[in-house]
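Undergrad: Quick one: structure below, then a few questions.
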Amino acid sequence: MQAIVLVGGEGTRLRPLTYGTPKPMVPIMGVPFLARTLERLHHAGIRDVILPAGYMPQAIVDYFGDGSQLGMKITYVIEETPLGTAGALKNVEEHIHGPFFVLNGDVLTSLDLRAMVAEHERLGGIGLLHLIRVEDPSAFGCVVHDEQMRISAFVEKPPRETAPTNEINAGTYLFEREILDMIPAGRNVSIERETFPAVIAAGKGLYSYTTDDYWMDLGKPEQYLAAHNDILAGRMPMLALEPGATGDGAAGLGAATLHLPVHADANVKVAAGAELGPNVVLGDGCSIGARAIVRNSVLWDGVVVEDGAIIEGAIVASGCRIGSEARVLEGSVIGHDTTIERGRVLERGSRVGATAPISR
Ligand code: GTP
């Protein structure tokens with residue numbers, strides 16, 4: 001079985017983070033998210049992966065190469081202009097030899113891919129879509145199906161009161177190769193808006209697979225932080241979390257007051273009197289000054305937090321410096337290599353840093 005992981009989006013909602021790092025390479029607990037996705041595919045026995053990319057593809061190619069280090073074969077297909085979620089599949093048609101998985105590159109889930117293959121074999125049809133139930137489906141694509149799991153309609157972002165179902169498209173699909181015949185070539189095509197409705201109109205069997213797995217779309221900063229909180233709390237079974245602070249740098253946290261959970265990667269330095277947690281992730285080489293406070297935040301690699309600075313509910317990209325006594329308030333997102341001057345206050349929801357893609 002092959003898998004296509006869609007990694008060509010610009011990730012506009014995660015800006016300015018995605019001006020320095022394409023969304024699939026954004027770290028989850030210190031490791032690029034795509035590495036975790038590939039690991040999951042490997043675990044399911046899938047070794048042949050196609051990556052349709054387009055936005056900052058070099059960062060992806062540089063990290064994974066031909067995939068041999070992971071025991072996989074990775075084929076990159078770079079789009080000159082974005083082809084959309086179905087156009088990207090059509091564009092890699094020549095590399096696809098049979099049934100294949102399609103994964104949105106920004107979905108964190110505990111879905112068992114082998115179980116999904118078994119369900120597709122049981123139900124037949126041209127494809128199987130993973131669905132999950134959410135409390136409020138108004139921000140998602142709702143999927144309506146009958147008792148035999150056959151899908152009859154897609155309703156994009158319905159008002160909560162009129163939503164026909166709370167089952168939503170969770171961004172993992174298993175298709176027969178035949179679906180590629182239904183996607184027009186050479187232009188931008190959306191799988192949700194064009195291809196799925198066309199498949200249903202043509203009377204092809206498109207089936208649903210609803211599970212209670214952990215699921216989070218990492219497209220927005222608040223979801224990115226929520227995913228970390230869920231991993232730290234053990235709600236997303238990703239790491240074998242031990243009691244106490246976790247990570248290769250946990251031993252370096254001794255001088256701080258800790259409110260668990262706190263996770264630190266290697267080479268982290270923390271001064272006496274700093275206060276960390278709850279729900280804090282420190283990337284490789286972060287340095288936290290005396291009296292500094294970091295809560296509910298994810299700091300990427302090499303972030304320097306000077307004495308007395310406070311960071312709450314924020315994402316801070318690699319190489320940033322937060323000046324002494326500065327305050328970074330809830331919902332702030334700071335792009336790569338940005339300096340926040342001494343004493344400055346970043347109001348809630350601030351976005352600071354690069355305003356265009358930076359080459360690294
Ligand atoms: P936003 O700009 O914040 O909406 O993010 P995005 O560009 O990633 O879009 P979205 O979250 O809707 O994309 C879902 C998945 O499809 C992500 O994994 C994207 O990388 C991928 N994707 C979106 N558009 C394209 C495209 O035109 N080509 C390719 N190859 N992948 C795409």
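By order of appearance in the structure tokens: chains A, B, ..., then residues from 1 within every chain, and ligands from 1 in the order shown.
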How would you report the residues lying within 10 Å of ligand 1, as an NGL selection string, if you count only C-alpha atoms and all ligand atoms?
TA: :A and (4-15 or 18 or 22-24 or 34 or 51-55 or 76-89 or 91-92 or 102-107 or 171 or 187-192 or 217-221)
Undergrad: Find the residues near range 141-144 of chain A: any atom within 9 Å, counting only C-alpha atoms, skip ones fewer than 5 places away on the same chain, and give them as JSON, numbers by chain.
TA: {"A": [131, 149, 150, 151, 152, 153, 154, 155, 156, 157, 158, 163, 164, 165, 166, 167, 168, 169, 170, 192, 208]}
Undergrad: Residues within 10 Å of Ser297 in chain A, please, as an MDAnalysis selection string. Count only C-alpha atoms; anything in the same chain fewer than 4 positions from it doesn't count.
TA: chainID A and resid 225:226 228:229 262 276:282 311:316 330:333
